[in-house]
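What follows is the content of final-v5.cif, which has mmCIF, C-alpha atoms:
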data_upload
loop_
_atom_site.group_PDB
_atom_site.id
_atom_site.type_symbol
_atom_site.label_atom_id
_atom_site.label_comp_id
_atom_site.auth_asym_id
_atom_site.auth_seq_id
_atom_site.Cartn_x
_atom_site.Cartn_y
_atom_site.Cartn_z
ATOM 1 C CA MET A 1121 39.059 116.721 221.178
ATOM 2 C CA ASP A 1122 37.083 119.023 218.877
ATOM 3 C CA LYS A 1123 38.932 118.695 215.555
ATOM 4 C CA VAL A 1124 36.668 120.878 213.411
ATOM 5 C CA VAL A 1125 38.430 123.820 211.724
ATOM 6 C CA ALA A 1126 36.713 126.782 210.158
ATOM 7 C CA SER A 1127 37.838 126.467 206.555
ATOM 8 C CA ALA A 1128 39.631 124.254 204.061
ATOM 9 C CA ALA A 1129 42.228 126.987 203.539
ATOM 10 C CA ARG A 1130 43.107 126.950 207.225
ATOM 11 C CA ALA A 1131 43.174 123.143 207.285
ATOM 12 C CA VAL A 1132 45.898 122.938 204.594
ATOM 13 C CA ALA A 1133 47.805 126.106 205.486
ATOM 14 C CA ASP A 1134 50.822 124.288 206.947
ATOM 15 C CA ILE A 1135 51.432 122.014 203.938
ATOM 16 C CA ALA A 1136 54.842 123.199 202.758
ATOM 17 C CA ASP A 1137 56.883 122.905 199.573
ATOM 18 C CA GLY A 1138 58.122 119.356 199.021
ATOM 19 C CA ALA A 1139 55.638 117.781 201.427
ATOM 20 C CA SER A 1140 54.418 114.221 200.848
ATOM 21 C CA VAL A 1141 50.626 113.959 200.693
ATOM 22 C CA ALA A 1142 48.372 110.890 200.512
ATOM 23 C CA VAL A 1143 45.115 111.751 198.757
ATOM 24 C CA GLY A 1144 42.018 109.566 198.900
ATOM 25 C CA GLY A 1145 39.606 108.804 196.089
ATOM 26 C CA PHE A 1146 39.412 106.736 192.936
ATOM 27 C CA GLY A 1147 39.143 108.664 189.686
ATOM 28 C CA VAL A 1148 36.820 111.456 190.799
ATOM 29 C CA CYS A 1149 34.854 109.260 193.234
ATOM 30 C CA GLY A 1150 35.385 110.197 196.864
ATOM 31 C CA ILE A 1151 38.144 112.710 196.205
ATOM 32 C CA PRO A 1152 38.729 115.537 198.725
ATOM 33 C CA SER A 1153 38.034 118.150 196.052
ATOM 34 C CA THR A 1154 37.526 121.059 198.444
ATOM 35 C CA LEU A 1155 40.839 120.477 200.192
ATOM 36 C CA ILE A 1156 42.622 120.013 196.850
ATOM 37 C CA ALA A 1157 41.161 123.288 195.571
ATOM 38 C CA ALA A 1158 42.273 125.034 198.759
ATOM 39 C CA LEU A 1159 45.785 123.653 198.304
ATOM 40 C CA ALA A 1160 45.760 124.776 194.667
ATOM 41 C CA GLY A 1161 44.954 128.263 195.957
ATOM 42 C CA THR A 1162 48.292 128.416 197.770
ATOM 43 C CA ARG A 1163 51.776 128.674 196.274
ATOM 44 C CA VAL A 1164 52.994 125.334 197.589
ATOM 45 C CA SER A 1165 54.967 123.292 195.053
ATOM 46 C CA GLY A 1166 57.219 120.259 194.716
ATOM 47 C CA LEU A 1167 54.563 118.026 196.259
ATOM 48 C CA ARG A 1168 55.123 114.268 196.424
ATOM 49 C CA VAL A 1169 51.652 112.813 196.096
ATOM 50 C CA VAL A 1170 50.490 109.260 196.785
ATOM 51 C CA SER A 1171 47.098 108.575 195.244
ATOM 52 C CA ASN A 1172 45.466 105.872 193.157
ATOM 53 C CA ASN A 1173 45.577 108.200 190.149
ATOM 54 C CA CYS A 1174 45.823 111.932 189.446
ATOM 55 C CA GLY A 1175 42.243 112.965 188.860
ATOM 56 C CA VAL A 1176 41.294 114.347 185.450
ATOM 57 C CA ASP A 1177 42.717 117.260 183.502
ATOM 58 C CA ASP A 1178 40.505 119.940 185.040
ATOM 59 C CA TRP A 1179 39.458 118.480 188.385
ATOM 60 C CA GLY A 1180 40.864 116.999 191.576
ATOM 61 C CA LEU A 1181 44.621 116.509 191.607
ATOM 62 C CA GLY A 1182 44.594 117.527 187.946
ATOM 63 C CA LEU A 1183 44.367 121.137 189.161
ATOM 64 C CA LEU A 1184 47.651 120.843 191.051
ATOM 65 C CA LEU A 1185 49.274 118.920 188.231
ATOM 66 C CA ARG A 1186 48.291 121.462 185.580
ATOM 67 C CA ALA A 1187 49.743 124.245 187.737
ATOM 68 C CA GLY A 1188 53.060 122.410 188.034
ATOM 69 C CA ARG A 1189 52.769 121.886 191.790
ATOM 70 C CA ILE A 1190 53.399 118.118 191.814
ATOM 71 C CA ALA A 1191 56.953 116.798 191.482
ATOM 72 C CA ARG A 1192 56.283 113.107 192.051
ATOM 73 C CA MET A 1193 53.300 110.761 191.891
ATOM 74 C CA THR A 1194 53.009 107.294 193.391
ATOM 75 C CA SER A 1195 49.977 105.801 191.639
ATOM 76 C CA SER A 1196 48.532 102.609 190.251
ATOM 77 C CA TYR A 1197 47.581 104.037 186.844
ATOM 78 C CA VAL A 1198 47.533 107.203 184.749
ATOM 79 C CA GLY A 1199 43.782 107.153 184.161
ATOM 80 C CA GLU A 1200 41.927 109.772 182.130
ATOM 81 C CA ASN A 1201 44.443 112.575 182.716
ATOM 82 C CA LYS A 1202 46.218 113.493 179.477
ATOM 83 C CA GLU A 1203 48.339 116.125 181.208
ATOM 84 C CA PHE A 1204 49.580 113.459 183.614
ATOM 85 C CA ALA A 1205 50.748 111.339 180.686
ATOM 86 C CA ARG A 1206 52.295 114.336 178.920
ATOM 87 C CA GLN A 1207 54.303 115.494 181.947
ATOM 88 C CA TYR A 1208 55.490 111.967 182.675
ATOM 89 C CA LEU A 1209 56.630 111.242 179.122
ATOM 90 C CA SER A 1210 58.284 114.650 178.730
ATOM 91 C CA GLY A 1211 60.339 114.279 181.922
ATOM 92 C CA GLU A 1212 58.517 116.954 183.930
ATOM 93 C CA LEU A 1213 57.046 114.522 186.455
ATOM 94 C CA GLU A 1214 58.425 111.526 188.315
ATOM 95 C CA VAL A 1215 55.952 108.635 188.490
ATOM 96 C CA GLU A 1216 56.188 105.431 190.511
ATOM 97 C CA LEU A 1217 53.553 103.089 189.109
ATOM 98 C CA THR A 1218 52.547 100.455 191.665
ATOM 99 C CA PRO A 1219 50.052 97.568 191.405
ATOM 100 C CA GLN A 1220 46.762 98.800 192.832
ATOM 101 C CA GLY A 1221 46.432 96.211 195.585
ATOM 102 C CA THR A 1222 50.069 96.717 196.525
ATOM 103 C CA LEU A 1223 49.520 100.466 196.777
ATOM 104 C CA ALA A 1224 46.532 99.929 199.059
ATOM 105 C CA GLU A 1225 48.512 97.592 201.310
ATOM 106 C CA ARG A 1226 51.531 99.915 201.388
ATOM 107 C CA LEU A 1227 49.279 102.684 202.720
ATOM 108 C CA ARG A 1228 47.592 100.369 205.237
ATOM 109 C CA ALA A 1229 50.964 99.092 206.421
ATOM 110 C CA GLY A 1230 52.242 102.638 206.825
ATOM 111 C CA GLY A 1231 49.307 103.475 209.047
ATOM 112 C CA SER A 1232 49.678 100.280 211.055
ATOM 113 C CA GLY A 1233 53.371 100.630 211.847
ATOM 114 C CA VAL A 1234 54.392 97.737 209.578
ATOM 115 C CA PRO A 1235 57.592 98.753 207.746
ATOM 116 C CA ALA A 1236 57.325 96.269 204.855
ATOM 117 C CA PHE A 1237 55.499 93.149 203.686
ATOM 118 C CA TYR A 1238 55.781 90.375 201.113
ATOM 119 C CA THR A 1239 53.361 90.082 198.192
ATOM 120 C CA PRO A 1240 53.105 87.860 195.084
ATOM 121 C CA ALA A 1241 52.038 90.819 192.916
ATOM 122 C CA GLY A 1242 54.735 91.687 190.399
ATOM 123 C CA VAL A 1243 56.859 88.541 190.742
ATOM 124 C CA GLY A 1244 58.616 87.772 187.463
ATOM 125 C CA THR A 1245 57.983 91.244 186.018
ATOM 126 C CA GLN A 1246 59.877 94.525 185.918
ATOM 127 C CA VAL A 1247 58.304 95.334 189.268
ATOM 128 C CA GLU A 1248 60.646 92.674 190.657
ATOM 129 C CA GLU A 1249 63.572 93.130 188.275
ATOM 130 C CA GLY A 1250 63.693 96.933 188.359
ATOM 131 C CA GLY A 1251 64.185 99.247 185.428
ATOM 132 C CA LEU A 1252 60.670 100.676 185.261
ATOM 133 C CA PRO A 1253 60.990 104.319 184.177
ATOM 134 C CA TRP A 1254 60.227 106.643 187.066
ATOM 135 C CA ARG A 1255 61.438 109.757 185.280
ATOM 136 C CA TYR A 1256 62.378 110.429 181.667
ATOM 137 C CA THR A 1257 64.674 113.065 180.245
ATOM 138 C CA ALA A 1258 63.255 115.605 177.805
ATOM 139 C CA ASP A 1259 64.559 113.515 174.883
ATOM 140 C CA GLY A 1260 62.897 110.302 176.094
ATOM 141 C CA ALA A 1261 65.815 108.553 177.812
ATOM 142 C CA VAL A 1262 65.273 107.025 181.256
ATOM 143 C CA ALA A 1263 66.665 109.373 183.895
ATOM 144 C CA VAL A 1264 65.472 107.492 187.017
ATOM 145 C CA ALA A 1265 64.438 103.821 187.071
ATOM 146 C CA SER A 1266 62.908 101.602 189.729
ATOM 147 C CA PRO A 1267 65.355 99.483 191.740
ATOM 148 C CA PRO A 1268 65.121 95.669 191.899
ATOM 149 C CA LYS A 1269 63.106 94.313 194.811
ATOM 150 C CA GLU A 1270 64.163 91.771 197.395
ATOM 151 C CA THR A 1271 62.436 88.393 197.061
ATOM 152 C CA ARG A 1272 61.856 85.466 199.388
ATOM 153 C CA GLU A 1273 60.199 82.098 199.071
ATOM 154 C CA PHE A 1274 57.325 80.982 201.296
ATOM 155 C CA GLY A 1275 55.643 77.609 200.815
ATOM 156 C CA GLY A 1276 57.359 77.078 197.497
ATOM 157 C CA ARG A 1277 56.239 80.426 196.063
ATOM 158 C CA ARG A 1278 58.276 83.615 195.542
ATOM 159 C CA TYR A 1279 57.180 86.948 196.973
ATOM 160 C CA LEU A 1280 58.403 90.536 196.657
ATOM 161 C CA LEU A 1281 59.249 92.767 199.575
ATOM 162 C CA GLU A 1282 57.308 96.038 199.372
ATOM 163 C CA GLU A 1283 57.951 98.960 201.707
ATOM 164 C CA ALA A 1284 55.131 100.715 203.545
ATOM 165 C CA VAL A 1285 54.078 104.256 202.672
ATOM 166 C CA SER A 1286 53.625 107.004 205.212
ATOM 167 C CA THR A 1287 53.264 110.672 204.323
ATOM 168 C CA ASP A 1288 53.506 114.081 205.945
ATOM 169 C CA PHE A 1289 49.819 114.793 205.292
ATOM 170 C CA ALA A 1290 46.690 112.985 204.130
ATOM 171 C CA LEU A 1291 43.618 114.558 202.517
ATOM 172 C CA VAL A 1292 40.427 112.483 202.483
ATOM 173 C CA ARG A 1293 36.677 112.805 201.903
ATOM 174 C CA ALA A 1294 33.991 111.386 204.196
ATOM 175 C CA ALA A 1295 30.221 111.351 204.002
ATOM 176 C CA VAL A 1296 29.876 111.995 207.743
ATOM 177 C CA ALA A 1297 32.353 112.881 210.468
ATOM 178 C CA ASP A 1298 31.865 113.790 214.080
ATOM 179 C CA ARG A 1299 33.803 116.449 215.940
ATOM 180 C CA HIS A 1300 36.242 113.838 217.260
ATOM 181 C CA GLY A 1301 37.164 112.768 213.717
ATOM 182 C CA ASN A 1302 35.299 109.463 213.528
ATOM 183 C CA CYS A 1303 34.289 108.996 209.895
ATOM 184 C CA VAL A 1304 31.716 107.183 207.785
ATOM 185 C CA PHE A 1305 32.221 106.822 204.022
ATOM 186 C CA HIS A 1306 29.487 106.321 201.451
ATOM 187 C CA ALA A 1307 29.547 103.143 199.357
ATOM 188 C CA ALA A 1308 32.319 103.124 196.716
ATOM 189 C CA ALA A 1309 33.605 106.509 197.917
ATOM 190 C CA ARG A 1310 35.207 104.585 200.757
ATOM 191 C CA ASN A 1311 37.879 103.275 198.293
ATOM 192 C CA PHE A 1312 41.351 104.591 199.240
ATOM 193 C CA ASN A 1313 40.157 107.138 201.804
ATOM 194 C CA PRO A 1314 40.598 105.148 205.049
ATOM 195 C CA LEU A 1315 43.997 103.850 203.886
ATOM 196 C CA CYS A 1316 45.292 107.315 203.031
ATOM 197 C CA ALA A 1317 43.971 108.645 206.325
ATOM 198 C CA MET A 1318 45.909 105.977 208.199
ATOM 199 C CA ALA A 1319 49.137 106.718 206.327
ATOM 200 C CA GLY A 1320 49.219 110.466 206.980
ATOM 201 C CA ARG A 1321 51.048 111.912 209.971
ATOM 202 C CA VAL A 1322 48.578 114.811 209.820
ATOM 203 C CA THR A 1323 45.218 113.790 208.378
ATOM 204 C CA VAL A 1324 42.638 116.294 207.191
ATOM 205 C CA VAL A 1325 39.074 115.148 206.466
ATOM 206 C CA GLU A 1326 36.486 117.067 204.500
ATOM 207 C CA ALA A 1327 33.024 115.842 205.459
ATOM 208 C CA GLU A 1328 29.694 116.352 203.757
ATOM 209 C CA ARG A 1329 28.041 116.354 207.169
ATOM 210 C CA VAL A 1330 29.554 117.046 210.572
ATOM 211 C CA VAL A 1331 27.725 115.760 213.645
ATOM 212 C CA GLU A 1332 28.288 116.022 217.359
ATOM 213 C CA ALA A 1333 30.452 113.514 219.186
ATOM 214 C CA GLY A 1334 28.452 110.445 220.155
ATOM 215 C CA GLU A 1335 25.930 110.710 217.316
ATOM 216 C CA LEU A 1336 27.618 108.034 215.213
ATOM 217 C CA PRO A 1337 26.866 104.466 216.367
ATOM 218 C CA PRO A 1338 30.279 102.843 216.956
ATOM 219 C CA ASP A 1339 29.493 99.939 214.632
ATOM 220 C CA THR A 1340 28.978 102.321 211.707
ATOM 221 C CA VAL A 1341 32.378 104.022 211.974
ATOM 222 C CA HIS A 1342 34.746 103.131 209.115
ATOM 223 C CA LEU A 1343 37.688 105.259 210.292
ATOM 224 C CA PRO A 1344 38.353 105.896 213.993
ATOM 225 C CA GLY A 1345 39.067 109.470 214.976
ATOM 226 C CA VAL A 1346 42.495 108.508 216.311
ATOM 227 C CA TYR A 1347 43.722 108.736 212.706
ATOM 228 C CA VAL A 1348 42.212 112.184 212.090
ATOM 229 C CA ASP A 1349 43.635 115.559 213.084
ATOM 230 C CA ARG A 1350 41.320 118.062 211.367
ATOM 231 C CA VAL A 1351 37.743 118.042 210.073
ATOM 232 C CA VAL A 1352 36.258 120.546 207.617
ATOM 233 C CA ALA A 1353 32.569 120.742 206.709
ATOM 234 C CA VAL A 1354 31.940 121.039 202.944
ATOM 235 C CA ASP A 1355 28.923 121.546 200.705
ATOM 236 C CA ALA A 1356 28.339 118.191 199.037
ATOM 237 C CA SER A 1357 26.133 119.652 196.310
ATOM 238 C CA LEU A 1358 28.845 121.776 194.700
ATOM 239 C CA ASP A 1359 31.642 119.484 193.643
ATOM 240 C CA LYS A 1360 30.587 115.994 192.618
ATOM 241 C CA ARG A 1361 31.411 115.014 189.063
ATOM 242 C CA VAL A 1362 31.097 111.951 186.838
ATOM 243 C CA GLU A 1363 34.418 110.954 185.297
ATOM 244 C CA ARG A 1364 32.954 109.321 182.216
ATOM 245 C CA ARG A 1365 29.220 109.336 181.623
ATOM 246 C CA THR A 1366 27.877 106.347 179.695
ATOM 247 C CA VAL A 1367 24.285 105.555 178.838
ATOM 248 C CA ARG A 1368 22.544 102.526 177.406
ATOM 249 C CA PRO A 1369 21.410 102.882 173.764
ATOM 250 C CA ALA A 1370 17.746 103.864 173.644
ATOM 251 C CA ARG A 1371 15.303 101.197 172.500
ATOM 252 C CA THR A 1372 13.547 102.101 169.274
ATOM 253 C CA ARG A 1373 9.812 102.560 169.435
ATOM 254 C CA THR A 1374 9.290 99.740 166.927
ATOM 255 C CA ALA A 1375 11.433 97.303 168.873
ATOM 256 C CA ALA A 1376 9.777 98.224 172.149
ATOM 257 C CA ALA A 1377 6.331 97.616 170.660
ATOM 258 C CA LEU A 1378 7.118 94.173 169.239
ATOM 259 C CA PRO A 1379 5.967 91.260 171.422
ATOM 260 C CA SER A 1380 8.572 88.780 172.505
ATOM 261 C CA ALA A 1381 8.632 85.208 171.257
ATOM 262 C CA ALA A 1382 7.726 84.032 174.710
ATOM 263 C CA SER A 1383 4.630 86.227 174.855
ATOM 264 C CA GLU A 1384 3.533 85.013 171.411
ATOM 265 C CA GLU A 1385 3.711 81.413 172.578
ATOM 266 C CA LYS A 1386 1.451 82.249 175.493
#
Now that the file is in, can you turn its structure into structure tokens?
Amino acid sequence: MDKVVASAARAVADIADGASVAVGGFGVCGIPSTLIAALAGTRVSGLRVVSNNCGVDDWGLGLLLRAGRIARMTSSYVGENKEFARQYLSGELEVELTPQGTLAERLRAGGSGVPAFYTPAGVGTQVEEGGLPWRYTADGAVAVASPPKETREFGGRRYLLEEAVSTDFALVRAAVADRHGNCVFHAAARNFNPLCAMAGRVTVVEAERVVEAGELPPDTVHLPGVYVDRVVAVDASLDKRVERRTVRPARTRTAAALPSAASEEK
């Protein structure tokens, strides 16, 4: 039952060329950066990755993308990664863009043994009709396009049939995990992590803190250990980034010193 492995490199060592991998995170929040870096340190290529987006140019999945290790992405948006956009538009990368909520449910369904489900998202658009470019040729023509989706009416409203997603591996990040693989995620870093973990046939968790079995109160567990195969302890202080830092304009000294109208009336 002890699922802790000694290193990230050992945890991803059996991911082979052409493997499908679900990767948790949203932007750079909650991404399994240590496991991704370990995978980037191998020679594996042709990966088919399912993730909300593809990190940024120099971090997260962007490392694998820049090295030419990813053949296909299933994502909900391109995000801040210029190399992602360049490879897609130049025909180097196949991309299946999926509505974000649909992507989340496809992963959850894959982990729950549900083969497909109906959703209203995308009805009346190219998501339904097909023809969305999945891969371009080098000269900008569409080489591979999305197929049309089956529809059905329920209660007078049309819905699309979406297939579940399951992958060979899943890489996720947790705040705390015990040795049995039970996981707790921190705040917004929970995002796609539990869903990706459910969808992977072999799920690897990197955890900022690893505790003994029984230390986590059952009511606090976000992901049961039944979905987890390997746990790696990582140093949380080394690899957390802010995707886009924004700050509020500073108040001028003059403006800060002026009394408000309300205070003048008093």
Run the PyMOL selection byres ((chain A and resi 1352) around 10) on the file and write out the hits as a list of chain:residue names.
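Residues picked by the PyMOL selection byres ((chain A and resi 1352) around 10): A:Lys1123, A:Val1124, A:Val1125, A:Ala1126, A:Ser1127, A:Ala1128, A:Ala1129, A:Arg1130, A:Ala1131, A:Thr1154, A:Leu1155, A:Arg1293, A:Ala1297, A:Arg1299, A:Gly1301, A:Val1324, A:Val1325, A:Glu1326, A:Ala1327, A:Glu1328, A:Arg1329, A:Val1330, A:Arg1350, A:Val1351, A:Ala1353, A:Val1354.
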Restricting to only C-alpha atoms, whichever of A:Leu1291, A:Cys1303, A:Leu1280, A:Leu1217 is closest to Ala1265 in chain A is A:Leu1217
Residues matched by the PyMOL selection byres ((chain A and resi 1140) around 9), written as a ChimeraX atom specification
/A:1135,1138-1139,1141-1142,1167-1170,1286-1290,1320
If I take CA of Glu1216 in chain A and CA of Asp1137 in chain A, how far is one from the other in Å, to one decimal?
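Interatomic distance here is 19.7 Å.
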Hey, which of A:Gly1180, A:Pro1314, A:Arg1278, A:Ala1294 ends up closest to Asp1355 in chain A? Count all atoms listed in the file.
A:Ala1294
Extract, using all atoms listed in the file, all DNA, RNA and protein residues at most 9 Å from Glu1249 in chain A, discarding same-chain residues fewer than 6 positions from it, and format them as a PyMOL selection string.
chain A and resi 1243+1266-1269
Using all atoms listed in the file, which of A:Lys1360, A:Ala1136, A:Ala1370, A:Arg1321 sits nearest Trp1179 in chain A?
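Among the listed residues, the smallest separation from Trp1179 in chain A belongs to A:Lys1360.
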Which residues would end up in the selection if the PyMOL selection byres ((chain A and resi 1250-1255) around 12) were applied here, given that I need the answer as a VMD selection string?
chain A and resid 1191 to 1195 1205 1207 to 1218 1242 to 1249 1256 to 1270 1280
